[in-house]
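Enquirer: Contents of upload_19.pdb (PDB, C-alpha atoms) are given next:
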```
MODEL        1
ATOM      1  CA  MET A   1     -35.531  -2.653   0.791
ATOM      2  CA  ASP A   2     -31.893  -3.824   0.854
ATOM      3  CA  LEU A   3     -31.259  -6.361   3.604
ATOM      4  CA  LYS A   4     -27.463  -6.155   3.095
ATOM      5  CA  LEU A   5     -27.116  -9.922   2.867
ATOM      6  CA  ASN A   6     -23.935 -11.520   1.510
ATOM      7  CA  LYS A   7     -24.192 -13.340  -1.800
ATOM      8  CA  ALA A   8     -23.377 -17.020  -1.837
ATOM      9  CA  GLY A   9     -20.234 -18.031  -3.754
ATOM     10  CA  ARG A  10     -20.579 -19.494  -7.223
ATOM     11  CA  SER A  11     -21.423 -23.161  -7.171
ATOM     12  CA  TYR A  12     -18.798 -25.681  -8.308
ATOM     13  CA  ASP A  13     -21.380 -27.997  -9.848
ATOM     14  CA  ASN A  14     -20.917 -26.395 -13.287
ATOM     15  CA  GLU A  15     -17.780 -27.316 -15.247
ATOM     16  CA  LYS A  16     -17.656 -23.948 -17.058
ATOM     17  CA  THR A  17     -17.599 -22.106 -13.741
ATOM     18  CA  VAL A  18     -14.892 -24.318 -12.299
ATOM     19  CA  ILE A  19     -12.666 -24.122 -15.408
ATOM     20  CA  SER A  20     -13.011 -20.326 -15.553
ATOM     21  CA  GLU A  21     -12.187 -19.840 -11.894
ATOM     22  CA  PHE A  22      -9.241 -22.234 -12.031
ATOM     23  CA  TYR A  23      -7.802 -20.380 -15.029
ATOM     24  CA  GLN A  24      -8.404 -16.987 -13.436
ATOM     25  CA  GLN A  25      -6.570 -18.026 -10.285
ATOM     26  CA  SER A  26      -3.717 -19.614 -12.235
ATOM     27  CA  VAL A  27      -2.893 -16.386 -14.130
ATOM     28  CA  SER A  28      -3.716 -13.905 -11.374
ATOM     29  CA  LYS A  29      -1.107 -11.572  -9.892
ATOM     30  CA  ASN A  30      -1.546 -13.366  -6.590
ATOM     31  CA  ASN A  31      -0.077 -16.567  -8.043
ATOM     32  CA  THR A  32       3.655 -15.930  -7.777
ATOM     33  CA  ALA A  33       4.402 -19.210  -9.566
ATOM     34  CA  PHE A  34       2.804 -17.920 -12.801
ATOM     35  CA  LYS A  35       5.212 -16.701 -15.485
ATOM     36  CA  PHE A  36       3.880 -15.075 -18.619
ATOM     37  CA  ALA A  37       5.212 -14.496 -22.112
ATOM     38  CA  LYS A  38       4.294 -11.576 -24.346
ATOM     39  CA  LEU A  39       2.900 -12.713 -27.693
ATOM     40  CA  ASP A  40       1.599 -10.090 -30.109
ATOM     41  CA  ASN A  41      -1.851 -10.935 -31.488
ATOM     42  CA  ASN A  42      -0.606  -9.829 -34.918
ATOM     43  CA  PHE A  43       1.452 -13.019 -35.028
ATOM     44  CA  ALA A  44      -1.789 -14.618 -36.255
ATOM     45  CA  HIS A  45      -1.228 -12.937 -39.661
ATOM     46  CA  TYR A  46       1.938 -15.032 -40.126
ATOM     47  CA  LEU A  47       0.525 -18.457 -39.281
ATOM     48  CA  PRO A  48      -0.631 -19.356 -42.830
ATOM     49  CA  TYR A  49       2.893 -18.752 -44.172
ATOM     50  CA  LEU A  50       5.056 -20.463 -41.548
ATOM     51  CA  LYS A  51       6.088 -24.083 -41.266
ATOM     52  CA  ASP A  52       4.873 -25.800 -38.089
ATOM     53  CA  GLY A  53       8.440 -26.078 -36.811
ATOM     54  CA  ALA A  54       9.039 -22.335 -37.306
ATOM     55  CA  VAL A  55       5.892 -21.571 -35.297
ATOM     56  CA  LYS A  56       7.112 -23.840 -32.524
ATOM     57  CA  LEU A  57      10.534 -22.172 -32.530
ATOM     58  CA  PHE A  58       8.987 -18.690 -32.413
ATOM     59  CA  LEU A  59       6.866 -19.690 -29.404
ATOM     60  CA  HIS A  60      10.039 -20.991 -27.763
ATOM     61  CA  TYR A  61      11.725 -17.613 -28.302
ATOM     62  CA  ALA A  62       8.638 -15.754 -27.034
ATOM     63  CA  MET A  63       8.636 -17.770 -23.810
ATOM     64  CA  ALA A  64      12.394 -17.416 -23.352
ATOM     65  CA  ALA A  65      12.584 -13.696 -24.137
ATOM     66  CA  ASN A  66      13.057 -10.928 -21.637
ATOM     67  CA  ASN A  67       9.607  -9.308 -21.535
ATOM     68  CA  GLU A  68      11.110  -5.812 -21.559
ATOM     69  CA  THR A  69      13.678  -6.197 -24.354
ATOM     70  CA  GLY A  70      12.482  -9.208 -26.386
ATOM     71  CA  GLU A  71      15.961 -10.754 -26.139
ATOM     72  CA  SER A  72      16.880 -14.378 -25.443
ATOM     73  CA  TRP A  73      20.229 -16.198 -25.523
ATOM     74  CA  TYR A  74      19.563 -19.865 -26.309
ATOM     75  CA  GLY A  75      22.022 -21.433 -28.741
ATOM     76  CA  ILE A  76      21.097 -23.646 -31.689
ATOM     77  CA  GLN A  77      21.648 -26.932 -29.847
ATOM     78  CA  THR A  78      19.850 -25.819 -26.677
ATOM     79  CA  SER A  79      16.863 -24.577 -28.679
ATOM     80  CA  GLY A  80      16.776 -27.890 -30.541
ATOM     81  CA  ASN A  81      16.786 -29.811 -27.272
ATOM     82  CA  LYS A  82      14.000 -27.620 -25.898
ATOM     83  CA  ILE A  83      11.599 -28.240 -28.779
ATOM     84  CA  GLY A  84      12.845 -31.625 -30.005
ATOM     85  CA  ALA A  85      14.479 -30.626 -33.286
ATOM     86  CA  THR A  86      17.830 -31.046 -35.039
ATOM     87  CA  ASP A  87      20.402 -28.287 -35.374
ATOM     88  CA  ARG A  88      19.735 -28.203 -39.113
ATOM     89  CA  SER A  89      16.007 -27.691 -38.554
ATOM     90  CA  ILE A  90      16.642 -24.889 -36.047
ATOM     91  CA  ASN A  91      18.926 -23.138 -38.545
ATOM     92  CA  ASN A  92      16.335 -23.459 -41.310
ATOM     93  CA  TRP A  93      13.528 -22.170 -39.090
ATOM     94  CA  ASN A  94      15.687 -19.287 -37.854
ATOM     95  CA  ASN A  95      16.246 -18.267 -41.473
ATOM     96  CA  GLU A  96      12.504 -18.518 -42.099
ATOM     97  CA  LEU A  97      11.617 -16.390 -39.064
ATOM     98  CA  GLU A  98      14.252 -13.792 -39.934
ATOM     99  CA  GLY A  99      13.075 -13.711 -43.545
ATOM    100  CA  MET A 100       9.540 -13.011 -42.362
ATOM    101  CA  GLY A 101      10.714 -10.153 -40.141
ATOM    102  CA  LEU A 102       9.737 -11.862 -36.906
ATOM    103  CA  ILE A 103      13.161 -12.153 -35.255
ATOM    104  CA  TYR A 104      16.661 -10.765 -35.575
ATOM    105  CA  ARG A 105      19.743 -12.728 -34.478
ATOM    106  CA  MET A 106      23.031 -11.012 -33.734
ATOM    107  CA  SER A 107      26.352 -11.616 -31.987
ATOM    108  CA  THR A 108      26.652  -9.734 -28.699
ATOM    109  CA  GLY A 109      29.917 -11.173 -27.384
ATOM    110  CA  LYS A 110      28.304 -14.229 -25.814
ATOM    111  CA  LYS A 111      28.959 -17.835 -26.800
ATOM    112  CA  SER A 112      25.664 -18.017 -28.665
ATOM    113  CA  LYS A 113      23.859 -15.356 -30.673
ATOM    114  CA  SER A 114      21.149 -13.243 -29.110
ATOM    115  CA  THR A 115      17.691 -13.567 -30.614
ATOM    116  CA  PHE A 116      15.428 -10.515 -30.575
ATOM    117  CA  LEU A 117      11.679 -10.606 -31.137
ATOM    118  CA  LEU A 118      10.797  -7.781 -33.531
ATOM    119  CA  PRO A 119       7.736  -5.525 -33.136
ATOM    120  CA  LEU A 120       4.616  -6.683 -34.953
ATOM    121  CA  THR A 121       2.537  -3.669 -33.911
ATOM    122  CA  GLY A 122       3.273  -0.089 -34.896
ATOM    123  CA  PHE A 123       3.908   2.650 -32.366
ATOM    124  CA  ALA A 124       4.866   6.282 -31.866
ATOM    125  CA  LYS A 125       7.889   7.064 -29.693
ATOM    126  CA  LYS A 126       9.257  10.385 -28.518
ATOM    127  CA  VAL A 127      12.967  10.527 -29.370
ATOM    128  CA  SER A 128      15.528  13.318 -29.377
ATOM    129  CA  LEU A 129      16.339  14.822 -32.766
ATOM    130  CA  GLU A 130      19.955  13.773 -32.240
ATOM    131  CA  ASN A 131      18.968  10.114 -31.876
ATOM    132  CA  ILE A 132      16.597  10.299 -34.837
ATOM    133  CA  ASN A 133      19.439  11.575 -37.020
ATOM    134  CA  ARG A 134      21.800   8.940 -35.619
ATOM    135  CA  LEU A 135      19.330   6.121 -36.352
ATOM    136  CA  LEU A 136      18.733   7.233 -39.942
ATOM    137  CA  GLN A 137      22.430   7.676 -40.692
ATOM    138  CA  THR A 138      23.886   4.695 -38.820
ATOM    139  CA  PHE A 139      21.516   2.193 -40.420
ATOM    140  CA  ASN A 140      20.996   4.035 -43.726
ATOM    141  CA  LEU A 141      17.220   3.785 -43.490
ATOM    142  CA  PHE A 142      16.717   5.985 -46.543
ATOM    143  CA  LYS A 143      16.917   2.887 -48.749
ATOM    144  CA  ALA A 144      16.094  -0.808 -48.360
ATOM    145  CA  ASN A 145      18.803  -2.886 -46.661
ATOM    146  CA  GLU A 146      19.170  -5.493 -43.913
ATOM    147  CA  TYR A 147      18.434  -2.903 -41.230
ATOM    148  CA  THR A 148      15.177  -1.717 -42.783
ATOM    149  CA  ARG A 149      13.919  -5.263 -42.132
ATOM    150  CA  ILE A 150      14.327  -4.414 -38.460
ATOM    151  CA  PHE A 151      13.604  -0.705 -38.130
ATOM    152  CA  GLY A 152      11.591   0.033 -41.248
ATOM    153  CA  GLU A 153      12.434   2.233 -44.241
ATOM    154  CA  PHE A 154      12.215   6.026 -44.202
ATOM    155  CA  GLN A 155       9.046   7.357 -45.852
ATOM    156  CA  ASN A 156       8.881  11.035 -44.979
ATOM    157  CA  VAL A 157       9.108  13.754 -42.372
ATOM    158  CA  THR A 158       5.780  15.127 -41.194
ATOM    159  CA  LYS A 159       5.564  18.351 -39.269
ATOM    160  CA  LEU A 160       2.521  18.626 -37.032
ATOM    161  CA  TYR A 161       1.129  21.817 -35.594
ATOM    162  CA  LEU A 162      -1.139  20.791 -32.737
ATOM    163  CA  LYS A 163      -3.605  23.029 -30.980
ATOM    164  CA  VAL A 164      -3.385  22.308 -27.265
ATOM    165  CA  MET A 165      -5.068  23.513 -24.105
ATOM    166  CA  LYS A 166      -2.883  24.297 -21.106
ATOM    167  CA  ASP A 167      -4.001  26.241 -18.041
ATOM    168  CA  ASN A 168      -7.234  27.172 -19.872
ATOM    169  CA  THR A 169      -5.251  28.789 -22.681
ATOM    170  CA  GLU A 170      -4.993  27.577 -26.282
ATOM    171  CA  SER A 171      -1.592  27.486 -27.923
ATOM    172  CA  ILE A 172       0.250  25.730 -30.752
ATOM    173  CA  ILE A 173       3.047  23.199 -30.359
ATOM    174  CA  GLU A 174       5.240  21.963 -33.205
ATOM    175  CA  ILE A 175       6.196  18.313 -33.599
ATOM    176  CA  GLN A 176       8.575  16.809 -36.151
ATOM    177  CA  CYS A 177       7.753  13.186 -36.900
ATOM    178  CA  ILE A 178       9.748  10.620 -38.882
ATOM    179  CA  PHE A 179       7.661   7.954 -40.610
ATOM    180  CA  LEU A 180       9.303   4.524 -40.970
ATOM    181  CA  LEU A 181       7.472   1.679 -42.702
ATOM    182  CA  LYS A 182       8.399  -1.956 -42.084
ATOM    183  CA  THR A 183       7.320  -4.576 -44.617
ATOM    184  CA  ASN A 184       7.295  -8.107 -43.229
ATOM    185  CA  GLY A 185       6.907 -11.390 -45.058
ATOM    186  CA  GLN A 186       7.305 -11.919 -48.769
ATOM    187  CA  ASN A 187       5.462 -10.607 -51.808
ATOM    188  CA  LYS A 188       2.999 -13.498 -51.722
ATOM    189  CA  CYS A 189       2.102 -12.848 -48.072
ATOM    190  CA  ASP A 190      -0.919 -10.765 -47.118
ATOM    191  CA  ILE A 191       0.609  -9.297 -43.958
ATOM    192  CA  PRO A 192      -0.099  -5.738 -42.748
ATOM    193  CA  LYS A 193       2.805  -3.321 -42.950
ATOM    194  CA  ILE A 194       4.021  -1.857 -39.661
ATOM    195  CA  LYS A 195       4.262   1.887 -39.064
ATOM    196  CA  PHE A 196       6.797   3.428 -36.706
ATOM    197  CA  PHE A 197       6.631   7.143 -35.875
ATOM    198  CA  LEU A 198       9.613   8.749 -34.128
ATOM    199  CA  TYR A 199       8.850  12.296 -33.071
ATOM    200  CA  THR A 200      10.334  15.233 -31.234
ATOM    201  CA  THR A 201       8.893  18.534 -30.033
ATOM    202  CA  GLN A 202      10.297  21.598 -31.800
ATOM    203  CA  ASP A 203      10.949  25.094 -30.525
ATOM    204  CA  ILE A 204       8.523  27.780 -31.668
ATOM    205  CA  ILE A 205       9.814  29.115 -34.969
ATOM    206  CA  ASN A 206       7.017  31.164 -36.539
ATOM    207  CA  GLU A 207       4.793  32.962 -34.028
ATOM    208  CA  SER A 208       2.789  34.740 -36.727
ATOM    209  CA  LEU A 209       1.914  31.352 -38.262
ATOM    210  CA  HIS A 210       0.774  30.138 -34.850
ATOM    211  CA  LYS A 211      -1.462  33.190 -34.516
ATOM    212  CA  ASN A 212      -2.987  32.528 -37.943
ATOM    213  CA  MET A 213      -3.748  28.980 -36.855
ATOM    214  CA  LEU A 214      -5.440  30.042 -33.632
ATOM    215  CA  ASP A 215      -7.492  32.657 -35.504
ATOM    216  CA  THR A 216      -8.453  30.469 -38.452
ATOM    217  CA  ASN A 217     -12.085  30.190 -39.515
ATOM    218  CA  PHE A 218     -11.568  26.837 -41.206
ATOM    219  CA  THR A 219     -13.814  24.089 -39.846
ATOM    220  CA  GLU A 220     -11.774  21.203 -41.266
ATOM    221  CA  LYS A 221      -9.785  19.263 -38.674
ATOM    222  CA  VAL A 222      -6.762  18.882 -40.958
ATOM    223  CA  ILE A 223      -5.225  21.848 -42.771
ATOM    224  CA  ILE A 224      -2.178  21.701 -45.025
ATOM    225  CA  VAL A 225       0.616  24.042 -43.972
ATOM    226  CA  LYS A 226       2.601  25.640 -46.771
ATOM    227  CA  GLU A 227       6.167  25.606 -45.463
ATOM    228  CA  LYS A 228       8.732  28.051 -46.834
ATOM    229  CA  ASN A 229      11.924  26.427 -45.576
ATOM    230  CA  ASP A 230      13.569  23.103 -46.372
ATOM    231  CA  ILE A 231      14.335  20.695 -43.549
ATOM    232  CA  GLN A 232      17.402  18.657 -42.633
ATOM    233  CA  VAL A 233      17.172  15.161 -41.187
ATOM    234  CA  GLY A 234      19.623  12.271 -41.046
ATOM    235  CA  GLY A 235      22.232  14.262 -42.954
ATOM    236  CA  LYS A 236      19.872  14.935 -45.874
ATOM    237  CA  THR A 237      18.116  18.110 -46.961
ATOM    238  CA  LEU A 238      14.444  17.626 -47.810
ATOM    239  CA  SER A 239      12.739  20.221 -49.952
ATOM    240  CA  CYS A 240       9.608  21.842 -48.537
ATOM    241  CA  ASN A 241       7.982  21.145 -51.921
ATOM    242  CA  SER A 242       8.805  17.417 -52.026
ATOM    243  CA  ASP A 243       6.742  14.401 -51.013
ATOM    244  CA  ASP A 244       9.433  13.633 -48.425
ATOM    245  CA  PHE A 245       8.342  16.582 -46.293
ATOM    246  CA  LYS A 246       4.715  17.154 -45.321
ATOM    247  CA  SER A 247       3.195  19.637 -42.907
ATOM    248  CA  PHE A 248      -0.252  19.777 -41.287
ATOM    249  CA  PHE A 249      -2.157  21.835 -38.757
ATOM    250  CA  ILE A 250      -4.510  19.667 -36.668
ATOM    251  CA  ASN A 251      -7.433  21.984 -36.033
ATOM    252  CA  ASP A 252      -8.778  20.221 -32.965
ATOM    253  CA  THR A 253      -7.848  21.056 -29.396
ATOM    254  CA  LEU A 254      -6.000  18.478 -27.298
ATOM    255  CA  LYS A 255      -5.208  18.670 -23.623
ATOM    256  CA  ILE A 256      -1.462  19.138 -23.259
ATOM    257  CA  ASP A 257      -1.108  15.894 -21.273
ATOM    258  CA  LYS A 258      -2.881  13.911 -24.026
ATOM    259  CA  VAL A 259      -0.542  14.829 -26.884
ATOM    260  CA  ASP A 260       1.818  11.844 -26.685
ATOM    261  CA  GLU A 261      -0.941   9.244 -26.618
ATOM    262  CA  ASN A 262      -2.604  10.804 -29.704
ATOM    263  CA  ILE A 263       0.429  11.032 -31.994
ATOM    264  CA  TYR A 264       0.106   7.481 -33.337
ATOM    265  CA  SER A 265      -3.600   7.879 -34.129
ATOM    266  CA  ILE A 266      -3.021  11.202 -35.909
ATOM    267  CA  MET A 267      -0.058   9.966 -37.931
ATOM    268  CA  ASP A 268      -1.707   6.646 -38.761
ATOM    269  CA  GLN A 269      -4.603   8.507 -40.378
ATOM    270  CA  LEU A 270      -2.346  10.949 -42.207
ATOM    271  CA  THR A 271      -0.335   8.068 -43.731
ATOM    272  CA  ASP A 272      -3.289   5.878 -44.701
ATOM    273  CA  ASN A 273      -3.376   6.598 -48.470
ATOM    274  CA  THR A 274      -5.337   9.752 -47.689
ATOM    275  CA  ASP A 275      -6.451  12.170 -50.401
ATOM    276  CA  PHE A 276      -5.345  15.670 -49.344
ATOM    277  CA  SER A 277      -6.393  17.451 -52.548
ATOM    278  CA  ASN A 278      -9.522  19.022 -51.064
ATOM    279  CA  LEU A 279      -7.959  20.236 -47.825
ATOM    280  CA  PRO A 280      -7.500  23.960 -47.199
ATOM    281  CA  THR A 281      -4.034  25.491 -46.940
ATOM    282  CA  ILE A 282      -2.511  27.914 -44.456
ATOM    283  CA  SER A 283       0.848  29.685 -44.519
TER
ENDMDL
END
```
Do you think you could lay out the structure here as structure tokens?
Expert:
Amino acid sequence: MDLKLNKAGRSYDNEKTVISEFYQQSVSKNNTAFKFAKLDNNFAHYLPYLKDGAVKLFLHYAMAANNETGESWYGIQTSGNKIGATDRSINNWNNELEGMGLIYRMSTGKKSKSTFLLPLTGFAKKVSLENINRLLQTFNLFKANEYTRIFGEFQNVTKLYLKVMKDNTESIIEIQCIFLLKTNGQNKCDIPKIKFFLYTTQDIINESLHKNMLDTNFTEKVIIVKEKNDIQVGGKTLSCNSDDFKSFFINDTLKIDKVDENIYSIMDQLTDNTDFSNLPTIS
């Protein structure tokens, strides 16, 4: 029998309860005075390799940054005043943070340089083919340079054929994905590399290949696709037989509205030192 009686509130005679409720209220959406900063948990990988002052400066930038863009505008002297450090120390710590791939400082026409927090977690982002080509060419990401410390270095193009379900009908969609790999830290640092996947949906090119995929009897979830044509990206031609161009059919049905959220997981597994020698091939 349920008597529908109201529960008494939690008692404030226990310090754990009081501390927890005070913290919860302090950071709740209802507390308009609360301001938060975004700090990637992967920053923990860098702590053993950073000087204490550099950690303090990075936290300063994280708290000052625009939460949408990662940008802040504090000058050297202002930053020093904020954390109690000399201009020389701020310059040294900026160099350390930039060298570790944690920040990037650039002139944007303001009196002081802008400081950008750089991503410490990989992601997949849908981008137009035009912008993919522009990024690769403008910053020359085909070889290591100052910009690959920001955006990552080109690794390969991967073409994905995904089986999707839309309106109770299975079909194939084609996705072209650029794999960029960003290496942070120095050779002595045990810091995970960061994967960026920029992808775009392609028009249907080979309907007979799509039919073969839908009719396949293979049970494996990943099937190598034997491409016949080379591909152009970023002003370069990549041979269909080279390691720079890979192609796979993912033999597992996705709902059409779940494709974007699954790209990172699929590409992360395909670029994780995987042995493809025993996979079947389709053409």
Enquirer: Tell me which residues the PyMOL selection byres ((chain A and resi 249) around 9) grabs here, as a list of chain:residue names.
Expert: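 Going through the file, the PyMOL selection byres ((chain A and resi 249) around 9) ends up selecting A:Lys159, A:Leu160, A:Tyr161, A:Leu162, A:Lys163, A:Met213, A:Lys221, A:Val222, A:Ile223, A:Ile224, A:Val225, A:Ser247, A:Phe248, A:Ile250, A:Asn251, A:Asp252, A:Ile282.
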Enquirer: Between A:Gly234, A:Arg149, A:Leu120, A:Asn95, which is the closest to Asn133 (chain A) once you count only C-alpha atoms?
Expert: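 Smallest distance to Asn133 (chain A) is found for A:Gly234.
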Enquirer: Do you know which residues the PyMOL selection byres ((chain A and resi 173-180) around 7) returns on this file, as an NGL selection string?
Expert: :A and (152-163 or 171-172 or 181-182 or 195-202 or 204)
Enquirer: Using the chain letters and numbering of this document, enumerate as a list of chain:residue names the residues selected by the PyMOL selection byres ((chain A and resi 80) around 12).
Expert: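 On the file shown, the PyMOL selection byres ((chain A and resi 80) around 12) covers A:Gly53, A:Ala54, A:Lys56, A:Leu57, A:His60, A:Tyr61, A:Tyr74, A:Gly75, A:Ile76, A:Gln77, A:Thr78, A:Ser79, A:Asn81, A:Lys82, A:Ile83, A:Gly84, A:Ala85, A:Thr86, A:Asp87, A:Arg88, A:Ser89, A:Ile90, A:Asn91, A:Asn92, A:Trp93, A:Asn94.
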Enquirer: Mind writing the picked residues with C-alpha atoms as a PDB file, in the coordinates of the input?
Expert:
```pdb
ATOM      1  CA  GLY A  53       8.440 -26.078 -36.811  1.00  0.00           C
ATOM      2  CA  ALA A  54       9.039 -22.335 -37.306  1.00  0.00           C
ATOM      3  CA  LYS A  56       7.112 -23.840 -32.524  1.00  0.00           C
ATOM      4  CA  LEU A  57      10.534 -22.172 -32.530  1.00  0.00           C
ATOM      5  CA  HIS A  60      10.039 -20.991 -27.763  1.00  0.00           C
ATOM      6  CA  TYR A  61      11.725 -17.613 -28.302  1.00  0.00           C
ATOM      7  CA  TYR A  74      19.563 -19.865 -26.309  1.00  0.00           C
ATOM      8  CA  GLY A  75      22.022 -21.433 -28.741  1.00  0.00           C
ATOM      9  CA  ILE A  76      21.097 -23.646 -31.689  1.00  0.00           C
ATOM     10  CA  GLN A  77      21.648 -26.932 -29.847  1.00  0.00           C
ATOM     11  CA  THR A  78      19.850 -25.819 -26.677  1.00  0.00           C
ATOM     12  CA  SER A  79      16.863 -24.577 -28.679  1.00  0.00           C
ATOM     13  CA  ASN A  81      16.786 -29.811 -27.272  1.00  0.00           C
ATOM     14  CA  LYS A  82      14.000 -27.620 -25.898  1.00  0.00           C
ATOM     15  CA  ILE A  83      11.599 -28.240 -28.779  1.00  0.00           C
ATOM     16  CA  GLY A  84      12.845 -31.625 -30.005  1.00  0.00           C
ATOM     17  CA  ALA A  85      14.479 -30.626 -33.286  1.00  0.00           C
ATOM     18  CA  THR A  86      17.830 -31.046 -35.039  1.00  0.00           C
ATOM     19  CA  ASP A  87      20.402 -28.287 -35.374  1.00  0.00           C
ATOM     20  CA  ARG A  88      19.735 -28.203 -39.113  1.00  0.00           C
ATOM     21  CA  SER A  89      16.007 -27.691 -38.554  1.00  0.00           C
ATOM     22  CA  ILE A  90      16.642 -24.889 -36.047  1.00  0.00           C
ATOM     23  CA  ASN A  91      18.926 -23.138 -38.545  1.00  0.00           C
ATOM     24  CA  ASN A  92      16.335 -23.459 -41.310  1.00  0.00           C
ATOM     25  CA  TRP A  93      13.528 -22.170 -39.090  1.00  0.00           C
ATOM     26  CA  ASN A  94      15.687 -19.287 -37.854  1.00  0.00           C
TER      27      ASN A  94
END
```
Enquirer: Could you name the residues that touch Pro48 (chain A) at 10 Å or less, counting all atoms listed in the file, but leaving out those on the same chain fewer than 4 positions away, as a list in words?
Expert: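 That gives Ala44, Asp52, Cys189 and Asp190 of chain A.
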Enquirer: Determine, counting only C-alpha atoms, every residue of protein, DNA or RNA that lies within 9 Å of (7.5, -17.7, -22.3) in the file coordinates, then give the result as a count of residues only.
Expert: 14
Enquirer: Mind pulling up the distance from CA of Ile263 (chain A) to CA of Thr138 (chain A)?
Expert: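 So the two atoms, CA of Thr138 (chain A) and CA of Ile263 (chain A), lie 25.2 Å apart.
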Enquirer: Can you pull out the residues contacting Leu270 (chain A)? Cut-off 10 Å, using all atoms listed in the file, and skip same-chain residues under 4 positions away; I want them as a ChimeraX atom specification.
Expert: /A:158,222,246,248,264-266,274-276
Enquirer: Between CA of Asp230 (chain A) and CA of Ser283 (chain A), what distance in Å does the model show, to one decimal?
Expert: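 So the answer is 14.4 Å.
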Enquirer: One number please: CA of Asn262 (chain A) to CA of Ala124 (chain A), in Å, one decimal.
Expert: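 Atom-to-atom, CA of Asn262 (chain A) to CA of Ala124 (chain A), that is 9.0 Å.
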Enquirer: Between A:Ser239, A:Asn229, A:Asn131, A:Gln269, which has the minimum distance to Asn206 (chain A) (counting only C-alpha atoms)?
Expert: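 Comparing A:Ser239, A:Asn229, A:Asn131, A:Gln269 against Asn206 (chain A), the winner is A:Asn229.
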Enquirer: Which is closest to Pro192 (chain A) among A:Thr115, A:Thr219, A:Thr69, A:Asn42, if we use all atoms listed in the file?
Expert: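 Among the listed residues, the smallest separation from Pro192 (chain A) belongs to A:Asn42.
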